[in-house]
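Have a look at entry30.txt; it's compact mmCIF, C-alpha atoms and all ligand atoms:
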# COMPACT_ATOMS: atom_id res chain seq x y z
CA MET A 1 27.67 43.75 60.31
CA ASN A 2 30.81 42.85 62.17
CA GLU A 3 33.94 42.88 60.02
CA ILE A 4 34.90 46.38 58.96
CA THR A 5 38.11 47.34 57.16
CA VAL A 6 39.23 50.95 57.32
CA ALA A 7 42.09 52.36 55.25
CA VAL A 8 43.80 55.31 56.93
CA ALA A 9 44.87 57.72 54.19
CA GLY A 10 46.29 61.23 54.24
CA GLN A 11 49.08 63.49 53.14
CA PRO A 12 52.54 63.07 54.66
CA ASN A 13 52.77 64.25 58.26
CA SER A 14 49.04 64.83 58.68
CA GLY A 15 48.97 62.56 61.72
CA LYS A 16 47.91 59.21 60.22
CA SER A 17 50.07 57.10 62.50
CA THR A 18 49.11 59.15 65.55
CA ILE A 19 45.39 58.67 64.88
CA PHE A 20 45.99 55.03 63.97
CA ASN A 21 47.70 54.51 67.34
CA MET A 22 45.03 56.42 69.19
CA LEU A 23 42.32 54.17 67.71
CA THR A 24 44.05 50.80 67.93
CA GLY A 25 46.20 51.15 71.03
CA SER A 26 48.73 48.36 71.13
CA ARG A 27 46.87 45.89 68.95
CA GLN A 28 49.07 46.36 65.89
CA HIS A 29 50.80 44.21 63.37
CA VAL A 30 53.54 45.25 60.95
CA ALA A 31 54.23 43.58 57.60
CA ASN A 32 55.30 44.66 54.13
CA TYR A 33 53.08 45.29 51.13
CA PRO A 34 53.58 42.40 48.71
CA GLY A 35 56.77 42.80 46.71
CA VAL A 36 57.80 46.14 48.14
CA THR A 37 59.64 47.32 51.21
CA VAL A 38 57.03 49.82 52.30
CA GLU A 39 55.76 48.89 55.73
CA LYS A 40 52.14 47.85 56.06
CA LYS A 41 50.80 48.43 59.53
CA THR A 42 47.45 46.98 60.51
CA GLY A 43 45.65 47.25 63.80
CA ARG A 44 42.30 46.42 65.33
CA TYR A 45 39.75 47.77 67.71
CA ARG A 46 36.31 46.69 68.83
CA TYR A 47 33.44 49.11 68.90
CA GLN A 48 29.82 48.31 69.73
CA GLY A 49 30.18 44.66 68.84
CA ASN A 50 32.06 45.29 65.59
CA THR A 51 35.64 44.33 64.90
CA VAL A 52 37.33 47.07 62.94
CA THR A 53 40.64 46.49 61.15
CA LEU A 54 42.69 49.57 60.33
CA VAL A 55 45.35 49.73 57.62
CA ASP A 56 47.83 52.61 57.78
CA LEU A 57 48.47 53.67 54.16
CA PRO A 58 51.66 55.49 53.10
CA GLY A 59 51.36 59.27 53.20
CA THR A 60 50.90 60.78 49.72
CA TYR A 61 50.08 64.19 48.32
CA SER A 62 47.88 62.63 45.71
CA LEU A 63 46.93 59.27 44.21
CA THR A 64 48.66 59.36 40.87
CA SER A 65 50.85 56.43 39.93
CA TYR A 66 54.18 58.22 39.90
CA SER A 67 55.69 57.13 43.20
CA LYS A 68 55.80 53.75 44.86
CA GLU A 69 53.89 55.07 47.88
CA GLU A 70 51.13 56.51 45.71
CA ARG A 71 50.77 53.30 43.78
CA ILE A 72 50.56 51.27 46.99
CA ALA A 73 47.91 53.53 48.50
CA ARG A 74 45.93 53.59 45.31
CA ASP A 75 46.16 49.88 44.57
CA TYR A 76 45.05 49.12 48.08
CA LEU A 77 41.99 51.35 47.71
CA LEU A 78 41.15 50.04 44.24
CA HIS A 79 41.69 46.35 44.71
CA GLU A 80 41.30 45.59 48.40
CA LYS A 81 38.21 47.76 48.60
CA PRO A 82 38.11 48.77 52.26
CA THR A 83 34.69 49.41 53.79
CA VAL A 84 35.59 52.98 54.70
CA VAL A 85 38.48 55.35 54.11
CA LEU A 86 39.52 57.46 57.08
CA ASP A 87 41.14 60.54 55.57
CA ILE A 88 43.44 62.36 57.98
CA VAL A 89 43.43 66.01 57.00
CA ASP A 90 45.88 68.53 58.46
CA ALA A 91 43.56 71.37 59.45
CA ALA A 92 46.51 73.77 59.45
CA ASN A 93 47.13 72.95 55.76
CA LEU A 94 43.55 72.52 54.68
CA GLU A 95 43.81 73.68 51.08
CA ARG A 96 46.67 71.39 50.16
CA ASN A 97 45.21 68.44 52.06
CA LEU A 98 41.79 68.70 50.43
CA TYR A 99 43.38 67.88 47.09
CA LEU A 100 43.89 64.30 48.25
CA THR A 101 40.43 64.31 49.83
CA PHE A 102 38.90 65.12 46.44
CA GLN A 103 40.72 62.20 44.87
CA LEU A 104 39.51 59.87 47.60
CA GLU A 105 35.96 61.13 47.08
CA GLU A 106 36.26 60.36 43.40
CA MET A 107 37.20 56.78 44.18
CA GLY A 108 33.74 56.42 45.62
CA ILE A 109 34.65 54.63 48.84
CA PRO A 110 32.68 55.84 51.89
CA LEU A 111 34.75 58.52 53.54
CA VAL A 112 35.22 59.78 57.09
CA ILE A 113 37.40 62.83 57.50
CA ALA A 114 39.46 63.49 60.61
CA LEU A 115 40.23 67.19 60.74
CA ASN A 116 43.44 66.74 62.65
CA MET A 117 45.89 69.28 64.13
CA MET A 118 42.99 71.44 65.24
CA ASP A 119 45.25 72.87 67.96
CA VAL A 120 47.78 74.04 65.37
CA ALA A 121 45.03 75.48 63.19
CA LYS A 122 43.64 77.37 66.16
CA ASP A 123 47.08 78.74 67.04
CA ARG A 124 47.36 80.04 63.50
CA GLY A 125 44.06 81.80 63.89
CA PHE A 126 42.04 79.54 61.56
CA ALA A 127 38.39 79.00 62.35
CA ILE A 128 37.12 75.99 60.43
CA ASP A 129 33.41 75.26 60.14
CA ALA A 130 33.42 71.46 60.32
CA HIS A 131 29.65 71.23 59.77
CA LYS A 132 29.80 73.27 56.59
CA LEU A 133 32.77 71.28 55.36
CA SER A 134 30.90 68.06 56.07
CA GLU A 135 27.89 69.33 54.14
CA LEU A 136 30.01 70.37 51.17
CA LEU A 137 31.96 67.13 51.05
CA GLY A 138 29.08 64.78 51.82
CA ALA A 139 31.16 63.02 54.48
CA ALA A 140 31.48 63.14 58.25
CA VAL A 141 34.13 65.63 59.38
CA ILE A 142 35.49 65.04 62.88
CA PRO A 143 37.79 67.64 64.48
CA THR A 144 40.67 65.86 66.25
CA VAL A 145 43.91 66.52 68.11
CA GLY A 146 45.72 63.24 67.64
CA LYS A 147 48.60 64.16 69.89
CA LYS A 148 46.23 64.79 72.79
CA HIS A 149 44.01 61.77 72.06
CA LYS A 150 41.05 63.95 71.23
CA GLY A 151 38.32 62.75 68.89
CA GLY A 152 38.85 58.98 68.95
CA ASN A 153 35.36 57.96 69.97
CA GLU A 154 33.78 60.39 67.55
CA ILE A 155 35.82 58.83 64.73
CA LYS A 156 34.75 55.32 65.74
CA GLU A 157 31.12 56.39 65.78
CA ALA A 158 31.42 58.11 62.38
CA ILE A 159 33.06 55.03 60.86
CA LEU A 160 30.22 52.85 62.07
CA ARG A 161 27.66 55.23 60.65
CA ALA A 162 29.48 55.43 57.31
CA CYS A 163 29.36 51.62 57.12
CA GLN A 164 25.66 51.57 57.80
CA ASN A 165 25.08 54.14 55.06
CA ALA A 166 27.29 52.20 52.67
CA HIS A 167 25.27 49.06 53.20
CA SER A 168 22.09 50.75 52.14
CA GLN A 169 23.68 51.91 48.90
CA THR A 170 25.07 50.20 45.85
CA PRO A 171 28.83 50.15 45.39
CA TYR A 172 30.39 53.43 44.35
CA GLY A 173 27.03 55.08 44.97
CA GLU A 174 26.14 54.29 41.38
CA THR A 175 23.41 52.20 39.93
CA ARG A 176 24.59 48.77 38.87
CA GLU A 177 22.27 48.21 35.96
CA ALA A 178 24.10 49.04 32.80
CA GLY A 179 22.16 51.24 30.48
CA SER A 180 19.80 52.62 33.07
CA VAL A 181 21.62 55.87 33.68
CA SER A 182 20.94 58.96 31.69
CA PRO A 183 23.73 61.47 31.22
CA GLY A 184 23.95 64.43 33.52
CA ILE A 185 21.89 62.93 36.29
CA SER A 186 23.43 62.84 39.71
CA ARG A 187 23.25 59.25 40.87
CA LYS A 188 23.52 59.58 44.58
CA LYS A 189 21.74 62.41 46.26
CA ASP A 190 24.46 63.48 48.65
CA SER A 191 27.45 62.35 46.62
CA PHE A 192 30.24 64.79 46.16
CA ARG A 193 31.21 65.64 42.64
CA ILE A 194 33.74 68.08 41.32
CA ASP A 195 32.59 70.05 38.34
CA TYR A 196 35.69 70.41 36.18
CA GLY A 197 34.08 73.04 33.97
CA ALA A 198 32.42 72.86 30.56
CA GLU A 199 35.59 72.31 28.57
CA LEU A 200 36.77 69.26 30.51
CA GLU A 201 33.32 67.91 31.30
CA SER A 202 32.51 67.69 27.60
CA VAL A 203 35.19 64.99 27.41
CA LEU A 204 34.82 63.59 30.89
CA MET A 205 31.08 62.95 31.02
CA PRO A 206 30.78 60.89 27.82
CA LEU A 207 33.79 58.85 28.91
CA GLU A 208 32.25 58.31 32.33
CA GLU A 209 28.96 57.22 30.76
CA ARG A 210 30.74 54.74 28.55
CA LEU A 211 32.57 53.22 31.50
CA LEU A 212 29.42 53.17 33.58
CA ASN A 213 27.40 51.42 30.90
CA ASP A 214 30.03 48.77 30.31
CA PRO A 215 29.67 46.11 33.01
CA LYS A 216 33.24 44.89 32.65
CA PHE A 217 34.35 48.27 33.94
CA SER A 218 31.48 49.49 36.07
CA PHE A 219 31.58 46.40 38.27
CA ARG A 220 35.25 46.83 39.02
CA TYR A 221 36.18 50.49 39.14
CA PRO A 222 34.49 53.77 39.97
CA ALA A 223 33.62 55.25 36.58
CA ARG A 224 34.18 58.86 37.49
CA TRP A 225 37.60 58.12 38.92
CA LEU A 226 38.67 56.04 35.94
CA ALA A 227 37.41 58.66 33.50
CA VAL A 228 39.40 61.40 35.24
CA LYS A 229 42.53 59.28 35.29
CA LEU A 230 42.18 58.35 31.63
CA MET A 231 41.79 61.99 30.77
CA GLU A 232 45.01 62.67 32.68
CA ASN A 233 46.61 59.99 30.53
CA ASP A 234 47.61 58.15 33.69
CA ASN A 235 49.73 55.10 32.87
CA GLU A 236 48.27 52.79 35.49
CA ALA A 237 44.70 53.62 34.53
CA ARG A 238 45.49 52.93 30.89
CA ARG A 239 47.07 49.64 31.86
CA LEU A 240 44.00 48.66 33.90
CA VAL A 241 41.71 49.33 30.97
CA LYS A 242 43.92 47.42 28.57
CA GLU A 243 44.15 44.49 30.95
CA ILE A 244 40.39 44.31 31.33
CA GLU A 245 39.81 44.56 27.57
CA GLU A 246 42.29 41.76 26.93
CA ASN A 247 41.03 39.43 29.65
CA TYR A 248 37.37 39.94 29.03
CA HIS A 249 35.60 36.78 27.93
CA GLY A 250 32.05 37.81 28.55
CA ASP A 251 32.18 37.13 32.27
CA GLY A 252 32.17 40.72 33.40
CA TYR A 253 30.02 39.77 36.35
CA SER A 254 32.50 37.34 37.84
CA ASN A 255 34.42 39.78 39.99
CA PRO A 256 32.00 42.24 41.51
CA ARG A 257 32.96 44.46 44.36
CA MET B 1 61.85 85.00 34.82
CA THR B 2 62.01 81.63 36.55
CA LEU B 3 61.43 80.91 40.24
CA ASN B 4 65.09 80.09 40.97
CA ASN B 5 65.97 83.74 40.25
CA ILE B 6 63.72 85.20 42.94
CA LYS B 7 65.59 86.63 45.94
CA PRO B 8 64.82 85.66 49.54
CA GLY B 9 62.04 87.76 51.03
CA CYS B 10 60.46 88.42 47.64
CA GLU B 11 57.09 87.24 46.42
CA CYS B 12 56.04 86.11 42.98
CA LEU B 13 53.13 84.70 41.05
CA ILE B 14 53.47 81.44 39.14
CA LYS B 15 52.68 81.90 35.47
CA GLU B 16 53.58 78.54 34.02
CA VAL B 17 54.79 75.16 35.25
CA ASN B 18 57.07 73.75 32.58
CA LEU B 19 57.82 70.45 34.26
CA THR B 20 56.46 67.12 33.13
CA GLY B 21 56.47 63.59 34.46
CA SER B 22 56.67 62.78 38.13
CA THR B 23 58.39 66.04 39.13
CA GLY B 24 55.74 68.18 37.50
CA GLN B 25 52.98 66.03 38.95
CA ARG B 26 54.41 66.17 42.47
CA LEU B 27 54.78 69.95 42.37
CA MET B 28 51.24 70.37 41.07
CA ASP B 29 49.97 67.98 43.76
CA MET B 30 51.53 70.29 46.33
CA GLY B 31 49.77 73.26 44.80
CA PHE B 32 52.27 74.80 42.36
CA MET B 33 49.80 76.06 39.78
CA PRO B 34 49.57 79.08 37.54
CA GLY B 35 48.20 81.94 39.63
CA THR B 36 49.63 80.67 42.92
CA LYS B 37 51.52 83.20 45.05
CA VAL B 38 54.91 82.03 46.30
CA LYS B 39 57.20 83.68 48.81
CA VAL B 40 60.88 82.81 48.66
CA VAL B 41 62.20 82.24 52.18
CA ARG B 42 65.72 81.01 51.47
CA ASN B 43 67.53 80.92 48.19
CA ALA B 44 71.30 80.86 47.79
CA PRO B 45 72.90 80.35 44.38
CA LEU B 46 73.94 76.75 43.78
CA VAL B 47 72.82 75.67 47.26
CA ASP B 48 69.90 73.25 47.31
CA PRO B 49 67.21 73.41 48.42
CA ILE B 50 65.25 76.62 47.94
CA ASP B 51 62.78 77.22 50.76
CA LEU B 52 59.38 78.50 49.76
CA LEU B 53 56.11 79.48 51.37
CA LEU B 54 52.93 78.91 49.41
CA ARG B 55 49.28 78.48 50.35
CA GLY B 56 50.26 78.74 54.01
CA PHE B 57 52.90 76.01 54.18
CA HIS B 58 56.65 75.66 53.77
CA VAL B 59 58.18 73.54 51.07
CA SER B 60 61.73 72.95 49.87
CA ILE B 61 62.48 72.31 46.23
CA ARG B 62 65.62 72.06 44.12
CA HIS B 63 67.06 74.74 41.88
CA HIS B 64 66.45 72.73 38.74
CA GLU B 65 62.81 72.30 39.74
CA ALA B 66 62.43 76.01 40.45
CA GLU B 67 63.96 76.68 37.06
CA GLY B 68 61.00 74.93 35.47
CA MET B 69 58.55 77.47 36.81
CA GLU B 70 57.95 80.74 35.00
CA VAL B 71 57.02 83.51 37.46
CA GLU B 72 56.24 87.18 37.69
CA GLU B 73 57.79 89.10 40.56
CA LEU B 74 55.38 90.98 42.81
N1 LIG C 301 50.07 69.59 67.50
C1 LIG C 301 49.66 68.43 67.01
N2 LIG C 301 50.56 67.53 66.59
C2 LIG C 301 50.12 66.35 66.11
C3 LIG C 301 48.74 66.05 66.03
N3 LIG C 301 48.62 64.81 65.48
C4 LIG C 301 49.87 64.37 65.24
N4 LIG C 301 50.77 65.28 65.61
C5 LIG C 301 52.24 65.23 65.48
O1 LIG C 301 52.56 65.40 64.10
C6 LIG C 301 53.70 64.62 63.75
C7 LIG C 301 53.36 63.71 62.58
O2 LIG C 301 52.45 62.73 63.00
P1 LIG C 301 52.41 61.27 62.37
O3 LIG C 301 51.29 60.55 63.03
O4 LIG C 301 53.73 60.64 62.39
O5 LIG C 301 52.03 61.63 60.86
P2 LIG C 301 51.88 60.64 59.63
O6 LIG C 301 50.75 61.15 58.82
O7 LIG C 301 51.80 59.23 60.10
O8 LIG C 301 53.24 60.89 58.87
P3 LIG C 301 53.85 60.01 57.66
O9 LIG C 301 53.56 58.57 57.96
O10 LIG C 301 55.31 60.35 57.68
O11 LIG C 301 53.19 60.49 56.43
C8 LIG C 301 54.10 63.87 65.01
O12 LIG C 301 55.12 64.57 65.63
C9 LIG C 301 52.82 63.89 65.84
O13 LIG C 301 53.10 63.83 67.24
C10 LIG C 301 47.80 67.04 66.47
O14 LIG C 301 46.59 66.89 66.39
N5 LIG C 301 48.33 68.21 66.94
MG MG C 302 52.98 57.52 59.54

Write the structure described by the file as structure tokens, please.
Ligand SMILES: Nc1nc2c(ncn2[C@@H]2O[C@H](COP(=O)(O)OP(=O)(O)OP(=O)(O)O)[C@@H](O)[C@H]2O)c(=O)[nH]1
Ligand SMILES: [Mg+2]
Amino acid sequence: MNEITVAVAGQPNSGKSTIFNMLTGSRQHVANYPGVTVEKKTGRYRYQGNTVTLVDLPGTYSLTSYSKEERIARDYLLHEKPTVVLDIVDAANLERNLYLTFQLEEMGIPLVIALNMMDVAKDRGFAIDAHKLSELLGAAVIPTVGKKHKGGNEIKEAILRACQNAHSQTPYGETREAGSVSPGISRKKDSFRIDYGAELESVLMPLEERLLNDPKFSFRYPARWLAVKLMENDNEARRLVKEIEENYHGDGYSNPR
Amino acid sequence: MTLNNIKPGCECLIKEVNLTGSTGQRLMDMGFMPGTKVKVVRNAPLVDPIDLLLRGFHVSIRHHEAEGMEVEEL
């Protein structure tokens, strides 16, 4: 393993750029996302023989398709398929920030969480159990203070470990063989899954199964994520499905992750 | 009663979010949900924005957005 791509995601003002700078130093490059004027900043660092490329995504409260920034962040995650997502969480605004974290989890890309602004959280009297959080979320949780350059090496180590785990698993943590999954069975032992409650799950789970058992979808998009978005009646998700249905000529295996 | 009618210093509970499309989505993304407690920090008639405190953070929204949220004063 030597080429690793990491997308840096997070809510506005959570410290994405600060952490990005801390990790990459001065090795940065600024361009625009294709067709839009939102800046795309990439940077690199080397760690234990690996070259890691970081992409600083626009700050968004969620990953719906309503704003340009959200669409950019989401399209990047869906189509460019980074090796790992580094989610910068503002520890002083944990509840609000975890909403985006949940959406990232649902996209099924290996996740490393930087619990940033730990100094602010402490000043406000919050005590956050990073180990417990990590257990609950099934992802590494690294306390950081970006402004004081604290936590950089720990993040680099966690990213490397997340890559190693990802390589020993199938994409999206799901099985790739269509038809081999029975409903209700958790596919990855430590994978995080939100239970939306009986009422919603009665719609969500059958939809997820259908997407999972249809190779033209399951090879391209995380089934759980797509099912949730379709249930939300999200325009982009509907467009994706329509596009795939229309362009499908029996070669569903041609564009695997 | 809607959120835009709550006086500075007062707290209320959101009962309903009657906003759709991108505005409704953005407010929900930030945590405006039925059952959420909101404290009004600054609110002057006709002067945007209204400053609010919810779930431990400050947020500013417009009067017409606040008008779309049904609340119960606490
Ligand atoms: N106290 C404290 N401040 C921090 C920390 N990390 C970043 N900051 C500050 O928080 C502010 C926002 O940081 P940025 O890195 O610009 O945040 P961002 O997520 O890139 O913001 P957007 O790109 O606008 O979404 C800056 O003033 C940083 O100096 C931290 O751990 N503690
Ligand atoms: Mg930034």

Give one line per residue of chain A that approaches ligand LIG 301 (chain C) to at most 12 Å, naming the two atoms of the closest pair and their distance in Å to one decimal, counting all atoms listed in the file; sort by chain then ascending residue number and deliver it as CSV.
residue,atom,partner,partner_atom,distance
A:Val8,CA,C:LIG301,O6,9.3
A:Ala9,CA,C:LIG301,O6,8.2
A:Gly10,CA,C:LIG301,O6,6.4
A:Gln11,CA,C:LIG301,O11,6.1
A:Pro12,CA,C:LIG301,O11,3.2
A:Asn13,CA,C:LIG301,O8,3.4
A:Ser14,CA,C:LIG301,O6,4.1
A:Gly15,CA,C:LIG301,O5,3.3
A:Lys16,CA,C:LIG301,O6,3.7
A:Ser17,CA,C:LIG301,O7,3.6
A:Thr18,CA,C:LIG301,O3,3.6
A:Ile19,CA,C:LIG301,O3,6.5
A:Phe20,CA,C:LIG301,O3,7.7
A:Asn21,CA,C:LIG301,O3,8.2
A:Met22,CA,C:LIG301,O3,9.7
A:Leu23,CA,C:LIG301,O3,12.0
A:Val38,CA,C:LIG301,O9,11.0
A:Glu39,CA,C:LIG301,O9,10.2
A:Lys40,CA,C:LIG301,O9,11.0
A:Lys41,CA,C:LIG301,O9,10.6
A:Val55,CA,C:LIG301,O7,11.7
A:Asp56,CA,C:LIG301,O7,8.1
A:Leu57,CA,C:LIG301,O9,8.0
A:Pro58,CA,C:LIG301,O9,6.1
A:Gly59,CA,C:LIG301,O11,3.9
A:Thr60,CA,C:LIG301,O11,7.1
A:Tyr61,CA,C:LIG301,O11,9.4
A:Glu69,CA,C:LIG301,O11,10.1
A:Glu70,CA,C:LIG301,O11,11.6
A:Ala73,CA,C:LIG301,O11,11.8
A:Leu86,CA,C:LIG301,O6,11.9
A:Asp87,CA,C:LIG301,O6,10.2
A:Ile88,CA,C:LIG301,O6,7.5
A:Val89,CA,C:LIG301,O6,9.0
A:Asp90,CA,C:LIG301,O14,8.1
A:Ala91,CA,C:LIG301,O14,8.8
A:Ala92,CA,C:LIG301,N5,9.5
A:Asn97,CA,C:LIG301,O6,11.4
A:Ala114,CA,C:LIG301,O14,9.8
A:Leu115,CA,C:LIG301,O14,8.5
A:Asn116,CA,C:LIG301,O14,4.9
A:Met117,CA,C:LIG301,O14,3.4
A:Met118,CA,C:LIG301,O14,5.9
A:Asp119,CA,C:LIG301,N5,5.7
A:Val120,CA,C:LIG301,N1,5.4
A:Ala121,CA,C:LIG301,N5,8.8
A:Lys122,CA,C:LIG301,N1,10.2
A:Asp123,CA,C:LIG301,N1,9.6
A:Arg124,CA,C:LIG301,N1,11.5
A:Ile142,CA,C:LIG301,O14,11.8
A:Pro143,CA,C:LIG301,O14,9.0
A:Thr144,CA,C:LIG301,O14,6.0
A:Val145,CA,C:LIG301,O14,3.2
A:Gly146,CA,C:LIG301,N3,3.9
A:Lys147,CA,C:LIG301,C3,4.3
A:Lys148,CA,C:LIG301,O14,6.7
A:His149,CA,C:LIG301,O14,8.1
A:Lys150,CA,C:LIG301,O14,7.9
A:Gly151,CA,C:LIG301,O14,9.6
A:Gly152,CA,C:LIG301,O14,11.4

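If you measure from each of B:Lys37, B:Arg55, B:Arg26, B:Arg42 to Glu95 of chain A using all atoms listed in the file, the closest one turns out to be B:Arg55.
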
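Closest approach to chain A from the set B:Leu46, B:Leu27, B:Asp51, B:Leu74 is made by B:Leu27, with distances taken over only C-alpha atoms.
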
For chain A, list the residues within 8 Å of chain B, counting only C-alpha atoms, and write the list as a list in words.
Tyr61, Ser62, Tyr66, Ser67, Asn93, Glu95, Arg96 and Tyr99 of chain A

Report, in Å to a single decimal, how far apart atom CA of Arg161 of chain A and atom CA of Lys132 of chain A are.
18.6 Å

For the point (65.6, 85.5, 46.0) in file coordinates, what residues are within 12 Å, counting all atoms listed in the file? Give the answer as a list in words?
Met1, Thr2, Leu3, Asn4, Asn5, Ile6, Lys7, Pro8, Gly9, Cys10, Glu11, Cys12, Val38, Lys39, Val40, Val41, Arg42, Asn43, Ala44, Pro45, Ile50, Asp51, Leu52, His63, Ala66 and Glu73 of chain B

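Computed from the coordinates, the atom CA of Ala140 of chain A to atom CA of Leu111 of chain A distance equals 7.4 Å.
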
Check the smallest atom-to-atom distance from each of A:Glu208, A:Glu135, A:Glu201, A:Asp195 to Tyr221 of chain A using all atoms listed in the file, then report the winner.
A:Glu208

What does the structure give for the distance between atom CA of Gly35 of chain B and atom CA of Lys15 of chain B, in Å to one decimal?
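The value is 6.1 Å.
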
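Closest to ligand MG 302 (chain C) among A:Ser26, A:Thr51, A:Asn233, A:Thr42 is A:Thr42, based on all atoms listed in the file.
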